[in-house]
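Q: What follows is the file coords_30.cif, containing mmCIF, C-alpha atoms and all ligand atoms:
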data_query
#
loop_
_atom_site.label_atom_id
_atom_site.label_comp_id
_atom_site.auth_asym_id
_atom_site.auth_seq_id
_atom_site.Cartn_x
_atom_site.Cartn_y
_atom_site.Cartn_z
CA MET A 1 -67.55 -85.09 119.94
CA GLY A 2 -70.28 -82.52 119.18
CA GLY A 3 -71.45 -84.25 115.91
CA PRO A 4 -73.86 -87.22 115.48
CA ASP A 5 -71.01 -89.66 116.23
CA GLY A 6 -70.30 -87.90 119.53
CA ARG A 7 -74.01 -88.03 120.54
CA LEU A 8 -74.06 -91.76 119.65
CA VAL A 9 -70.99 -92.41 121.86
CA SER A 10 -72.43 -90.45 124.80
CA SER A 11 -75.88 -92.15 124.62
CA SER A 12 -74.18 -95.59 124.35
CA PHE A 13 -72.13 -94.67 127.42
CA CYS A 14 -75.34 -93.68 129.30
CA ILE A 15 -76.99 -97.02 128.40
CA LEU A 16 -73.86 -98.88 129.54
CA LEU A 17 -73.84 -96.92 132.80
CA ILE A 18 -77.53 -97.70 133.45
CA LEU A 19 -76.87 -101.39 132.70
CA VAL A 20 -73.87 -101.53 135.04
CA ARG A 21 -75.82 -99.78 137.82
CA PHE A 22 -78.74 -102.20 137.31
CA LEU A 23 -76.46 -105.25 137.43
CA VAL A 24 -74.56 -103.99 140.50
CA GLY A 25 -77.86 -103.21 142.28
CA HIS A 26 -79.25 -106.61 141.34
CA PHE A 27 -76.05 -108.33 142.52
CA LEU A 28 -76.17 -106.43 145.84
CA ILE A 29 -79.79 -107.51 146.43
CA ILE A 30 -78.90 -111.16 145.67
CA PHE A 31 -75.83 -110.91 147.92
CA ALA A 32 -77.93 -109.41 150.75
CA LYS A 33 -80.51 -112.23 150.40
CA LEU A 34 -77.79 -114.89 150.39
CA SER A 35 -76.15 -113.38 153.50
CA TYR A 36 -79.57 -113.38 155.20
CA ILE A 37 -80.16 -117.03 154.33
CA SER A 38 -76.69 -118.05 155.44
CA ALA A 39 -77.19 -116.09 158.70
CA MET A 40 -80.46 -118.02 159.13
CA THR A 41 -78.81 -121.36 158.46
CA LYS A 42 -75.99 -121.31 160.99
CA LEU A 43 -76.27 -123.44 164.12
CA SER A 44 -73.45 -123.66 166.66
CA VAL A 45 -73.78 -127.48 166.75
CA ARG A 46 -73.35 -130.39 164.30
CA HIS A 47 -75.73 -132.68 166.17
CA LEU A 48 -78.97 -132.01 168.05
CA LEU A 49 -78.27 -133.90 171.26
CA GLY A 50 -80.15 -131.71 173.72
CA ILE A 51 -81.35 -128.17 174.37
CA LYS A 52 -78.59 -127.79 176.98
CA ASN A 53 -76.03 -127.61 174.13
CA LEU A 54 -77.92 -124.93 172.17
CA ASN A 55 -77.65 -121.17 172.63
CA GLU A 56 -80.54 -118.70 172.34
CA ASN A 57 -79.56 -117.85 168.76
CA ASP A 58 -79.70 -121.56 167.76
CA ILE A 59 -83.18 -121.88 169.26
CA ASN A 60 -84.47 -118.75 167.54
CA THR A 61 -82.90 -119.82 164.22
CA ILE A 62 -84.72 -123.18 164.45
CA LEU A 63 -88.04 -121.55 165.42
CA ASP A 64 -87.78 -118.90 162.66
CA THR A 65 -86.92 -121.54 160.06
CA ALA A 66 -89.84 -123.66 161.31
CA THR A 67 -92.18 -120.70 160.68
CA GLN A 68 -91.11 -120.76 157.03
CA PHE A 69 -91.55 -124.54 156.79
CA LYS A 70 -95.00 -124.33 158.42
CA GLU A 71 -96.00 -122.05 155.56
CA VAL A 72 -94.61 -124.62 153.09
CA ILE A 73 -96.52 -127.58 154.56
CA ASN A 74 -99.78 -125.67 154.44
CA ARG A 75 -99.48 -125.24 150.67
CA PRO A 76 -101.27 -127.67 148.31
CA ILE A 77 -97.79 -128.97 147.31
CA LYS A 78 -96.14 -129.64 150.66
CA LYS A 79 -92.76 -130.79 149.40
CA VAL A 80 -89.48 -128.89 148.84
CA PRO A 81 -86.25 -130.31 147.35
CA SER A 82 -84.00 -129.06 150.20
CA LEU A 83 -82.67 -132.50 151.28
CA ARG A 84 -82.72 -134.26 147.92
CA ASP A 85 -79.83 -136.81 147.81
CA ILE A 86 -79.62 -136.91 151.65
CA THR A 87 -80.50 -140.26 153.28
CA ILE A 88 -81.81 -140.30 156.85
CA ALA A 89 -82.28 -143.35 159.10
CA ASN A 90 -84.84 -143.19 161.91
CA VAL A 91 -83.39 -145.59 164.48
CA PHE A 92 -85.90 -146.26 167.25
CA PHE A 93 -85.02 -148.50 170.20
CA GLU A 94 -88.14 -147.33 172.12
CA ASN A 95 -91.81 -147.03 171.16
CA SER A 96 -93.09 -143.85 169.53
CA THR A 97 -96.07 -142.62 167.54
CA ARG A 98 -95.78 -138.82 167.24
CA THR A 99 -91.99 -138.34 167.10
CA ARG A 100 -91.32 -141.14 164.67
CA LEU A 101 -94.11 -140.27 162.22
CA SER A 102 -93.36 -136.57 162.52
CA PHE A 103 -89.65 -137.08 161.68
CA GLU A 104 -90.55 -139.34 158.77
CA LEU A 105 -93.03 -136.81 157.37
CA ALA A 106 -90.54 -133.96 157.89
CA GLU A 107 -87.87 -135.93 156.00
CA LYS A 108 -90.24 -136.77 153.14
CA ARG A 109 -91.48 -133.16 152.90
CA LEU A 110 -87.80 -132.16 152.48
CA SER A 111 -87.35 -134.82 149.72
CA ALA A 112 -84.82 -136.87 151.74
CA ASP A 113 -84.58 -140.63 151.28
CA VAL A 114 -85.78 -142.36 154.46
CA VAL A 115 -85.18 -145.73 156.11
CA ASN A 116 -86.78 -146.82 159.37
CA PHE A 117 -85.27 -149.15 161.94
CA SER A 118 -87.02 -150.62 165.02
CA ALA A 119 -85.09 -152.59 167.62
CA SER A 120 -87.94 -155.08 167.86
CA GLY A 121 -87.59 -157.53 164.97
CA SER A 122 -83.96 -156.46 164.33
CA SER A 123 -80.58 -158.15 164.92
CA VAL A 124 -80.31 -156.22 168.22
CA LYS A 125 -82.34 -159.16 169.52
CA LYS A 126 -79.40 -161.41 168.50
CA GLY A 127 -76.98 -159.38 170.62
CA GLU A 128 -75.67 -156.76 168.16
CA THR A 129 -74.37 -153.62 169.90
CA LEU A 130 -75.74 -150.10 169.34
CA LEU A 131 -72.52 -148.96 167.65
CA ASP A 132 -72.35 -152.02 165.35
CA THR A 133 -76.01 -151.60 164.43
CA VAL A 134 -75.57 -147.93 163.53
CA ASN A 135 -72.26 -148.49 161.70
CA ASN A 136 -73.97 -151.15 159.57
CA ILE A 137 -76.78 -148.69 158.75
CA LEU A 138 -74.20 -146.02 157.86
CA ALA A 139 -72.36 -148.48 155.57
CA MET A 140 -75.46 -148.28 153.36
CA LYS A 141 -74.57 -144.61 152.67
CA VAL A 142 -76.83 -142.99 155.26
CA ASP A 143 -76.04 -139.32 156.07
CA MET A 144 -78.04 -138.62 159.20
CA ILE A 145 -79.31 -140.63 162.19
CA VAL A 146 -82.44 -139.74 164.13
CA MET A 147 -82.46 -141.93 167.23
CA ARG A 148 -84.58 -142.74 170.24
CA HIS A 149 -83.06 -144.89 172.97
CA SER A 150 -83.97 -145.79 176.54
CA SER A 151 -80.43 -145.04 177.82
CA PRO A 152 -79.69 -141.41 178.72
CA GLY A 153 -76.63 -140.29 176.73
CA ALA A 154 -76.94 -142.90 173.95
CA PRO A 155 -77.03 -140.25 171.14
CA HIS A 156 -74.07 -138.39 172.75
CA TYR A 157 -72.10 -141.67 172.79
CA LEU A 158 -72.85 -142.27 169.10
CA SER A 159 -72.18 -138.70 167.99
CA SER A 160 -68.53 -138.92 169.05
CA ARG A 161 -68.01 -142.23 167.21
CA ILE A 162 -69.75 -141.87 163.83
CA PRO A 163 -69.33 -139.41 160.94
CA ALA A 164 -73.09 -138.73 160.46
CA ASN A 165 -75.19 -135.98 162.09
CA VAL A 166 -77.15 -137.33 165.08
CA VAL A 167 -80.56 -136.05 166.19
CA ASN A 168 -81.79 -137.09 169.63
CA ALA A 169 -85.46 -138.12 169.40
CA GLY A 170 -85.55 -138.87 173.15
CA ASP A 171 -82.90 -140.54 175.33
CA GLY A 172 -84.44 -142.23 178.36
CA THR A 173 -85.31 -139.76 181.11
CA HIS A 174 -82.73 -137.22 179.88
CA GLU A 175 -83.72 -134.94 176.95
CA HIS A 176 -86.25 -134.72 174.10
CA PRO A 177 -85.02 -131.60 172.31
CA THR A 178 -87.40 -131.53 169.33
CA GLN A 179 -90.37 -131.85 171.71
CA ALA A 180 -89.17 -128.78 173.64
CA LEU A 181 -88.64 -126.86 170.39
CA LEU A 182 -92.12 -127.68 169.10
CA ASP A 183 -93.58 -126.80 172.51
CA ALA A 184 -91.82 -123.41 172.47
CA PHE A 185 -92.95 -122.85 168.86
CA SER A 186 -96.57 -123.65 169.82
CA MET A 187 -96.41 -121.36 172.90
CA LYS A 188 -95.00 -118.52 170.77
CA GLU A 189 -97.79 -118.98 168.22
CA LYS A 190 -100.32 -118.49 171.04
CA LEU A 191 -98.56 -115.92 173.24
CA GLY A 192 -95.89 -114.21 171.12
CA ASP A 193 -92.52 -113.48 172.77
CA LEU A 194 -91.99 -115.81 175.74
CA THR A 195 -89.92 -113.33 177.79
CA GLY A 196 -91.50 -113.13 181.25
CA LYS A 197 -94.22 -115.68 180.42
CA LYS A 198 -95.01 -118.17 183.19
CA ILE A 199 -94.96 -121.86 182.25
CA ALA A 200 -95.98 -124.60 184.72
CA ILE A 201 -94.80 -128.14 183.93
CA ILE A 202 -97.13 -130.43 185.87
CA GLY A 203 -96.90 -134.19 186.51
CA ASP A 204 -94.22 -136.87 186.50
CA ILE A 205 -91.12 -134.66 186.28
CA LEU A 206 -88.76 -137.38 187.59
CA HIS A 207 -89.18 -139.72 184.62
CA SER A 208 -89.69 -137.06 181.96
CA ARG A 209 -87.21 -136.11 179.24
CA VAL A 210 -89.69 -133.46 178.07
CA ALA A 211 -89.43 -131.62 181.41
CA LEU A 212 -85.65 -131.11 181.29
CA SER A 213 -85.60 -130.04 177.62
CA ASN A 214 -88.54 -127.68 178.23
CA ILE A 215 -86.83 -126.12 181.26
CA PHE A 216 -83.59 -125.45 179.28
CA CYS A 217 -85.47 -124.15 176.24
CA LEU A 218 -87.95 -121.90 178.06
CA GLN A 219 -85.30 -120.39 180.34
CA LYS A 220 -83.09 -119.61 177.32
CA LEU A 221 -86.10 -117.83 175.77
CA GLY A 222 -86.62 -115.76 178.94
CA ALA A 223 -89.67 -117.53 180.41
CA GLU A 224 -90.23 -118.32 184.10
CA VAL A 225 -90.70 -122.04 184.81
CA MET A 226 -92.45 -123.86 187.64
CA VAL A 227 -92.52 -127.63 188.08
CA CYS A 228 -95.46 -129.06 190.01
CA GLY A 229 -96.24 -132.58 191.17
CA PRO A 230 -95.96 -134.93 194.14
CA SER A 231 -92.59 -134.42 195.91
CA THR A 232 -91.68 -138.05 195.07
CA LEU A 233 -91.87 -137.19 191.35
CA ILE A 234 -89.73 -134.02 191.48
CA PRO A 235 -85.97 -134.66 191.53
CA LYS A 236 -84.01 -132.60 194.10
CA TYR A 237 -81.49 -131.28 191.54
CA LEU A 238 -84.19 -129.20 189.83
CA ALA A 239 -83.94 -126.59 192.61
CA ASP A 240 -80.42 -125.82 191.27
CA LEU A 241 -81.81 -125.06 187.79
CA GLY A 242 -83.64 -121.94 188.98
CA VAL A 243 -87.18 -123.26 188.55
CA LYS A 244 -90.02 -122.70 191.04
CA ILE A 245 -91.19 -125.89 192.71
CA GLY A 246 -94.82 -126.46 193.68
CA HIS A 247 -97.01 -129.28 194.91
CA ASP A 248 -100.45 -127.67 194.60
CA VAL A 249 -101.87 -127.98 191.10
CA ARG A 250 -104.57 -125.31 191.64
CA GLN A 251 -101.93 -122.78 192.72
CA ALA A 252 -99.80 -123.70 189.69
CA LEU A 253 -102.78 -123.10 187.37
CA GLN A 254 -103.47 -119.71 189.05
CA TRP A 255 -99.81 -118.71 188.54
CA CYS A 256 -99.17 -119.76 184.95
CA ASP A 257 -99.87 -118.60 181.39
CA VAL A 258 -99.31 -122.14 180.09
CA ALA A 259 -99.81 -125.50 181.82
CA ASN A 260 -97.71 -128.18 180.11
CA VAL A 261 -99.04 -131.42 181.60
CA LEU A 262 -96.89 -134.56 181.57
CA ARG A 263 -97.84 -138.21 181.48
CA ILE A 264 -97.41 -140.49 184.46
CA GLN A 265 -94.73 -142.85 183.09
CA LEU A 266 -95.70 -146.11 184.75
CA GLU A 267 -93.37 -148.08 182.45
CA ARG A 268 -90.33 -146.32 184.02
CA GLN A 269 -91.53 -146.64 187.63
CA GLN A 270 -89.98 -149.64 189.42
CA ILE A 271 -91.40 -148.58 192.81
CA LYS A 272 -94.62 -146.86 193.88
CA TYR A 273 -94.27 -143.04 193.91
CA PHE A 274 -97.92 -142.46 194.92
CA PRO A 275 -100.59 -144.75 196.41
CA SER A 276 -102.79 -145.21 193.31
CA LEU A 277 -103.64 -143.66 189.94
CA ARG A 278 -107.04 -142.73 191.38
CA GLU A 279 -105.40 -140.76 194.18
CA TYR A 280 -102.94 -139.11 191.75
CA SER A 281 -105.85 -138.06 189.55
CA LEU A 282 -107.73 -136.68 192.57
CA TYR A 283 -104.83 -134.48 193.73
CA PHE A 284 -102.93 -133.69 190.49
CA GLY A 285 -105.34 -134.42 187.63
CA ILE A 286 -106.59 -131.39 185.66
CA THR A 287 -110.23 -131.08 184.63
CA LYS A 288 -112.03 -128.61 182.37
CA SER A 289 -113.92 -127.13 185.33
CA MET A 290 -110.58 -126.29 187.03
CA LEU A 291 -109.55 -124.38 183.88
CA ASP A 292 -112.95 -122.69 183.49
CA GLU A 293 -112.86 -121.48 187.12
CA LEU A 294 -109.59 -119.53 186.60
CA ASP A 295 -109.99 -115.75 186.39
CA ARG A 296 -108.12 -115.71 183.03
CA GLU A 297 -107.59 -117.95 180.03
CA ILE A 298 -104.52 -120.21 180.16
CA VAL A 299 -103.10 -122.49 177.47
CA LEU A 300 -103.19 -126.27 178.09
CA MET A 301 -100.48 -128.47 176.53
CA HIS A 302 -99.44 -132.12 176.71
CA PRO A 303 -96.67 -133.81 174.69
CA GLY A 304 -98.69 -137.04 174.36
CA PRO A 305 -99.49 -139.83 174.73
CA ILE A 306 -102.19 -138.77 177.22
CA ASN A 307 -103.38 -141.00 180.04
CA ARG A 308 -106.98 -139.79 179.85
CA GLY A 309 -108.57 -139.65 183.29
CA VAL A 310 -105.19 -139.66 185.07
CA GLU A 311 -103.21 -136.42 184.49
CA LEU A 312 -105.94 -134.88 182.28
CA SER A 313 -109.67 -135.47 182.07
CA SER A 314 -111.03 -135.98 178.58
CA ASP A 315 -113.09 -132.80 178.76
CA ALA A 316 -109.93 -130.79 179.55
CA ALA A 317 -107.83 -132.48 176.84
CA ASP A 318 -110.50 -131.81 174.21
CA SER A 319 -111.45 -128.32 175.42
CA SER A 320 -110.81 -124.95 173.76
CA HIS A 321 -107.99 -124.39 176.29
CA SER A 322 -106.02 -127.24 174.72
CA ILE A 323 -103.48 -126.83 171.89
CA ILE A 324 -102.39 -130.48 172.04
CA LEU A 325 -103.05 -131.23 168.36
CA ASN A 326 -101.45 -127.91 167.31
CA GLN A 327 -98.29 -129.17 169.06
CA VAL A 328 -98.39 -132.31 166.92
CA GLU A 329 -98.96 -130.27 163.74
CA ASN A 330 -96.06 -127.95 164.59
CA GLY A 331 -93.77 -130.93 165.24
CA VAL A 332 -93.41 -131.56 161.50
CA ALA A 333 -92.34 -127.97 160.69
CA VAL A 334 -89.94 -127.84 163.65
CA ARG A 335 -88.33 -131.16 162.69
CA MET A 336 -88.03 -130.00 159.07
CA ALA A 337 -86.17 -126.93 160.39
CA VAL A 338 -83.83 -129.04 162.55
CA LEU A 339 -82.97 -131.48 159.75
CA TYR A 340 -82.55 -128.71 157.18
CA LEU A 341 -80.26 -126.66 159.43
CA LEU A 342 -78.12 -129.64 160.51
CA ALA A 343 -77.70 -130.67 156.86
CA GLN A 344 -76.11 -127.23 156.18
CA GLN A 345 -73.42 -127.82 158.85
N1 LIG B 1 -94.35 -136.81 172.55
C1 LIG B 1 -93.75 -137.95 172.16
O1 LIG B 1 -92.52 -138.09 172.21
O2 LIG B 1 -94.63 -138.90 171.73
P1 LIG B 1 -94.19 -140.34 171.17
O3 LIG B 1 -93.59 -141.11 172.31
O4 LIG B 1 -95.45 -140.95 170.63
O5 LIG B 1 -93.16 -140.12 170.10
#
Kindly return the structure encoded in the file as structure tokens.
Ligand code: CP
A:
Amino acid sequence: MGGPDGRLVSSSFCILLILVRFLVGHFLIIFAKLSYISAMTKLSVRHLLGIKNLNENDINTILDTATQFKEVINRPIKKVPSLRDITIANVFFENSTRTRLSFELAEKRLSADVVNFSASGSSVKKGETLLDTVNNILAMKVDMIVMRHSSPGAPHYLSSRIPANVVNAGDGTHEHPTQALLDAFSMKEKLGDLTGKKIAIIGDILHSRVALSNIFCLQKLGAEVMVCGPSTLIPKYLADLGVKIGHDVRQALQWCDVANVLRIQLERQQIKYFPSLREYSLYFGITKSMLDELDREIVLMHPGPINRGVELSSDAADSSHSIILNQVENGVAVRMAVLYLLAQQ
């Protein structure tokens, strides 16, 4: 082994050893990355029906994934092939601007095929049931349903009867989970970790699906929540959810780091909950001067659509305190994260 042949064998062995070590190292790095991605892509649910059904890990997984998608949609080429060959139907039985367009853009940015359904102009008007309508859409080889419906629980009802993933895009006065997720994402962008942060939800709590989803989401992320509005617009059961309850909007603004202001939902109000919009605006409306007078900067949010001059003055909505359009921007990344993660289930 001491001659030239022996030296050749030992140097070949060294090269082989280096190669094996390189390949094993490379394999371990790839394995570690794959484990990380699969850890990032696990949700405990098959459907997104509400924030109530999610755990803290699910919420953080969605928000972390949304951070990556926000980076993607700010590139010159905003599209990724993640949901190629997946078909998604946006089934809307109630009006929407932000949620519907945001879901459609999120789906297209993920390269999914998209179909849109509106109850108005459909065979629902001829008496077709919700389940028949959705089963007919699914017969056209649709994989996922994003739905908005005026009846609380409609997406839950469907999810136990159809094979596709269901995403709740707002069910009556119950939950609006993607709104709460995009709100939490937007708050975290502004304030960092939400543990111990004080969030006031101000306005028509009784008719709001955003309020309930926000309460569940923010509490799971460790924030303190106050609801504030006329006592007629705050349901009694909220006291059992561990939120503070207030009726003085100036005190709520003094207390909070974030004021999330909700729309007065006249279309859901069958009786009068306050004497007039003018009086509501006088006692509960938020103006820019109220925000400027505070001894520290707070963040102003609103899920939209805004009733300008009722819950928010125009100068407040358009002020530097407001992150209302950032919320809308973040909605696309958050919905991309939700759809991407559910498609892995
Ligand atoms: N925030 C929200 O749900 O708005 P749209 O009703 O326009 O979808």
Q: Tell me which of A:Gln254, A:Ser281, A:Gln270, A:Thr61 sits closest to Pro230 of chain A, counting only C-alpha atoms.
A: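 Among A:Gln254, A:Ser281, A:Gln270, A:Thr61, it is A:Ser281 that comes nearest to Pro230 of chain A.
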Q: May I ask for the distance between atom CA of Leu130 of chain A and atom CA of Asp143 of chain A, given in Å to one decimal place?
A: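 For atom CA of Leu130 of chain A relative to atom CA of Asp143 of chain A, the distance reads 17.1 Å.
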Q: Which residues are near ligand LIG 1 (chain B) in this structure, taking near to mean any atom at most 12 Å from a ligand atom and counting only C-alpha atoms and all ligand atoms? Format them as a count of residues only.
A: 54
Q: For atom CA of Leu342 of chain A and atom CA of Ile62 of chain A, quote the distance in Å rounded to one decimal.
A: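 Calculated distance between atom CA of Leu342 of chain A and atom CA of Ile62 of chain A is 10.0 Å.
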Q: Can you measure atom CA of Leu131 of chain A to atom CA of Ser118 of chain A for me? One decimal in Å is fine.
A: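 That distance, rounded to one decimal, is 14.8 Å.
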Q: Got a sec: who's within 10 Å of segment 235-238 of chain A, counting all atoms listed in the file, leaving out chain neighbours fewer than 3 positions off, as JSON, numbers by chain?
A: {"A": [204, 205, 206, 207, 212, 215, 227, 231, 232, 241, 242, 243, 244, 245]}
Q: Quick one: residues within 7 Å of Asn116 of chain A, all atoms listed in the file counted, chain neighbours fewer than 2 positions away excluded, as a PDB file with C-alpha atoms, in the frame of the given file?
A:
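Contents of the output file result-v1.pdb:
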ATOM      1  CA  ALA A  89     -82.280-143.350 159.100  1.00  0.00           C
ATOM      2  CA  ASN A  90     -84.840-143.190 161.910  1.00  0.00           C
ATOM      3  CA  VAL A  91     -83.390-145.590 164.480  1.00  0.00           C
ATOM      4  CA  VAL A 114     -85.780-142.360 154.460  1.00  0.00           C
ATOM      5  CA  SER A 118     -87.020-150.620 165.020  1.00  0.00           C
TER       6      SER A 118
END
Q: Give me, as a PyMOL selection string, all polymer residues having an atom no more than 9 Å from Leu218 of chain A, counting only C-alpha atoms and skipping those fewer than 2 positions away in the same chain.
A: chain A and resi 180+184+194-195+199+213-216+220-225
